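Asks: Take this structure, written in structure tokens, and hold onto it; I'll ask about it next.
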Amino acid sequence: MRLWHENLIKQLPRQQLLGQHRECCALRGKGWGKPHATVNYVFDHSPFKLYQYHKLVMTEMLSRDYQPDPLWLEPLYRGKHTLPYTTLEPIVPTHPLYPEHNETYLADCLENLRQKNIFIDHVI
């Protein structure tokens, strides 16, 4: 489990982008609050921040003509097997959305991609 640094989303290959969507769906649904070393920091923030991140992923998917389920565009939605939030306080997006997504984290993500033979030279 990993959330790629948000500056990489537009450059992720198809497999990683679609995997990121599945990851976000899982975290927003039954995976919320379930410990996993790589993404534990997500649970230190409002679930709305994860929605904001997921929306970045889905926006990129739509730009590539992929069709995520439009229900995920709703911030309260948590999937077919988890009840939606009744309320979720909107928060102003920051950049990066997660403060943990700093330059060190970006370098870690780039190295992880390199190990998969994915080379991103210019980070947007």
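Following the order of the structure tokens, chains are lettered A, B, ..., residues in each are numbered from 1, and ligands are numbered from 1.
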What lies within 10 Å of A:Ile91 using only C-alpha atoms, ignoring chain neighbours under 6 positions off, as a PyMOL selection string?
Replies: chain A and resi 46-49+52
Asks: Put those residues in a file: C-alpha atoms, as a PDB file, in the first residue's frame.
Replies:
ATOM      1  CA  SER A  46      -9.381  14.154   8.130  1.00  0.00           C
ATOM      2  CA  PRO A  47     -10.870  11.620   5.703  1.00  0.00           C
ATOM      3  CA  PHE A  48     -11.702  14.670   3.590  1.00  0.00           C
ATOM      4  CA  LYS A  49      -7.999  15.011   2.789  1.00  0.00           C
ATOM      5  CA  GLN A  52      -9.077  15.436  -2.034  1.00  0.00           C
TER       6      GLN A  52
END
Asks: Need to verify the contact set: stretch 105-110 of chain A, 10 Å, only C-alpha atoms, exclusion of same-chain residues closer than 2 positions in sequence. Can you return it as a list in words?
Replies: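 Neighbouring residues, sequence-local ones excluded: Arg2, Leu3, Trp4, His5, Glu6, Asn7, Leu8, Pro99, Glu100, His101, Asn102, Glu103, Asn112, Leu113, Arg114, Gln115, Lys116, Ile118, Phe119, Ile120, Asp121 and Val123 of chain A.
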Asks: Next, write the just-selected residues to a file, as an mmCIF file, in the first residue's frame, keeping N, CA, C and O atoms as the atom set.
Replies:
data_model
loop_
_atom_site.group_PDB
_atom_site.id
_atom_site.type_symbol
_atom_site.label_atom_id
_atom_site.label_comp_id
_atom_site.auth_asym_id
_atom_site.auth_seq_id
_atom_site.Cartn_x
_atom_site.Cartn_y
_atom_site.Cartn_z
ATOM 1 N N ARG A 2 0.547 2.161 -0.879
ATOM 2 C CA ARG A 2 1.298 3.409 -0.959
ATOM 3 C C ARG A 2 0.433 4.449 -1.633
ATOM 4 O O ARG A 2 -0.305 4.149 -2.564
ATOM 5 N N LEU A 3 0.513 5.680 -1.149
ATOM 6 C CA LEU A 3 -0.030 6.801 -1.894
ATOM 7 C C LEU A 3 1.168 7.491 -2.529
ATOM 8 O O LEU A 3 2.079 7.934 -1.828
ATOM 9 N N TRP A 4 1.185 7.526 -3.844
ATOM 10 C CA TRP A 4 2.283 8.183 -4.542
ATOM 11 C C TRP A 4 2.260 9.663 -4.228
ATOM 12 O O TRP A 4 1.197 10.247 -3.982
ATOM 13 N N HIS A 5 3.421 10.272 -4.243
ATOM 14 C CA HIS A 5 3.509 11.714 -4.067
ATOM 15 C C HIS A 5 2.603 12.361 -5.103
ATOM 16 O O HIS A 5 2.600 11.982 -6.268
ATOM 17 N N GLU A 6 1.820 13.340 -4.669
ATOM 18 C CA GLU A 6 0.809 13.912 -5.575
ATOM 19 C C GLU A 6 1.417 14.542 -6.829
ATOM 20 O O GLU A 6 0.747 14.604 -7.860
ATOM 21 N N ASN A 7 2.672 14.966 -6.791
ATOM 22 C CA ASN A 7 3.295 15.552 -7.981
ATOM 23 C C ASN A 7 3.586 14.505 -9.054
ATOM 24 O O ASN A 7 3.946 14.860 -10.171
ATOM 25 N N LEU A 8 3.438 13.231 -8.707
ATOM 26 C CA LEU A 8 3.690 12.160 -9.672
ATOM 27 C C LEU A 8 2.424 11.668 -10.356
ATOM 28 O O LEU A 8 2.503 10.968 -11.370
ATOM 29 N N PRO A 99 1.252 16.800 4.420
ATOM 30 C CA PRO A 99 2.576 17.361 4.725
ATOM 31 C C PRO A 99 3.670 16.297 4.678
ATOM 32 O O PRO A 99 4.834 16.616 4.443
ATOM 33 N N GLU A 100 3.309 15.051 4.846
ATOM 34 C CA GLU A 100 4.274 13.957 4.776
ATOM 35 C C GLU A 100 4.822 13.777 3.356
ATOM 36 O O GLU A 100 5.862 13.165 3.164
ATOM 37 N N HIS A 101 4.128 14.315 2.367
ATOM 38 C CA HIS A 101 4.566 14.215 0.969
ATOM 39 C C HIS A 101 5.577 15.332 0.676
ATOM 40 O O HIS A 101 5.331 16.226 -0.128
ATOM 41 N N ASN A 102 6.719 15.240 1.339
ATOM 42 C CA ASN A 102 7.774 16.235 1.188
ATOM 43 C C ASN A 102 8.799 15.757 0.148
ATOM 44 O O ASN A 102 8.590 14.763 -0.535
ATOM 45 N N GLU A 103 9.908 16.451 0.043
ATOM 46 C CA GLU A 103 10.934 16.094 -0.954
ATOM 47 C C GLU A 103 11.532 14.706 -0.690
ATOM 48 O O GLU A 103 11.843 13.971 -1.629
ATOM 49 N N ASN A 112 11.152 3.920 -5.629
ATOM 50 C CA ASN A 112 10.241 2.778 -5.701
ATOM 51 C C ASN A 112 9.829 2.520 -7.148
ATOM 52 O O ASN A 112 9.811 1.373 -7.600
ATOM 53 N N LEU A 113 9.541 3.579 -7.888
ATOM 54 C CA LEU A 113 9.180 3.429 -9.304
ATOM 55 C C LEU A 113 10.364 2.905 -10.116
ATOM 56 O O LEU A 113 10.193 2.044 -10.979
ATOM 57 N N ARG A 114 11.563 3.424 -9.836
ATOM 58 C CA ARG A 114 12.763 2.956 -10.550
ATOM 59 C C ARG A 114 12.951 1.454 -10.378
ATOM 60 O O ARG A 114 13.332 0.754 -11.311
ATOM 61 N N GLN A 115 12.690 0.973 -9.177
ATOM 62 C CA GLN A 115 12.812 -0.463 -8.907
ATOM 63 C C GLN A 115 11.809 -1.278 -9.720
ATOM 64 O O GLN A 115 11.989 -2.468 -9.908
ATOM 65 N N LYS A 116 10.778 -0.624 -10.204
ATOM 66 C CA LYS A 116 9.786 -1.264 -11.068
ATOM 67 C C LYS A 116 10.084 -0.966 -12.548
ATOM 68 O O LYS A 116 9.239 -1.167 -13.403
ATOM 69 N N ILE A 118 10.354 1.966 -13.900
ATOM 70 C CA ILE A 118 9.573 3.139 -14.317
ATOM 71 C C ILE A 118 10.415 4.355 -13.972
ATOM 72 O O ILE A 118 10.741 4.581 -12.805
ATOM 73 N N PHE A 119 10.766 5.104 -15.000
ATOM 74 C CA PHE A 119 11.674 6.231 -14.812
ATOM 75 C C PHE A 119 10.944 7.538 -15.140
ATOM 76 O O PHE A 119 10.522 7.747 -16.269
ATOM 77 N N ILE A 120 10.798 8.371 -14.127
ATOM 78 C CA ILE A 120 10.184 9.683 -14.292
ATOM 79 C C ILE A 120 11.293 10.693 -14.070
ATOM 80 O O ILE A 120 11.787 10.840 -12.952
ATOM 81 N N ASP A 121 11.685 11.373 -15.133
ATOM 82 C CA ASP A 121 12.815 12.295 -15.064
ATOM 83 C C ASP A 121 12.411 13.690 -14.605
ATOM 84 O O ASP A 121 13.140 14.348 -13.888
ATOM 85 N N VAL A 123 9.601 15.856 -12.713
ATOM 86 C CA VAL A 123 8.438 15.841 -11.841
ATOM 87 C C VAL A 123 7.701 17.156 -12.002
ATOM 88 O O VAL A 123 8.290 18.233 -11.891
#
Asks: For atom CA of A:Pro84 and atom CA of A:Gly29, determine how far apart the two atoms are, in Å to one decimal place.
Replies: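 Answer for the atom CA of A:Pro84 to atom CA of A:Gly29 separation: 8.6 Å.
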Asks: Given the choices A:Gln20, A:Leu97, A:Tyr77, A:Leu12, which gets closest to A:Leu50 if the distance is worked out from only C-alpha atoms?
Replies: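 Among A:Gln20, A:Leu97, A:Tyr77, A:Leu12, it is A:Leu97 that comes nearest to A:Leu50.
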Asks: Atom CA of A:Asn40 and atom CA of A:His21 are how many Å apart?
Replies: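 Computed distance, atom CA of A:Asn40 to atom CA of A:His21, equals 17.5 Å.
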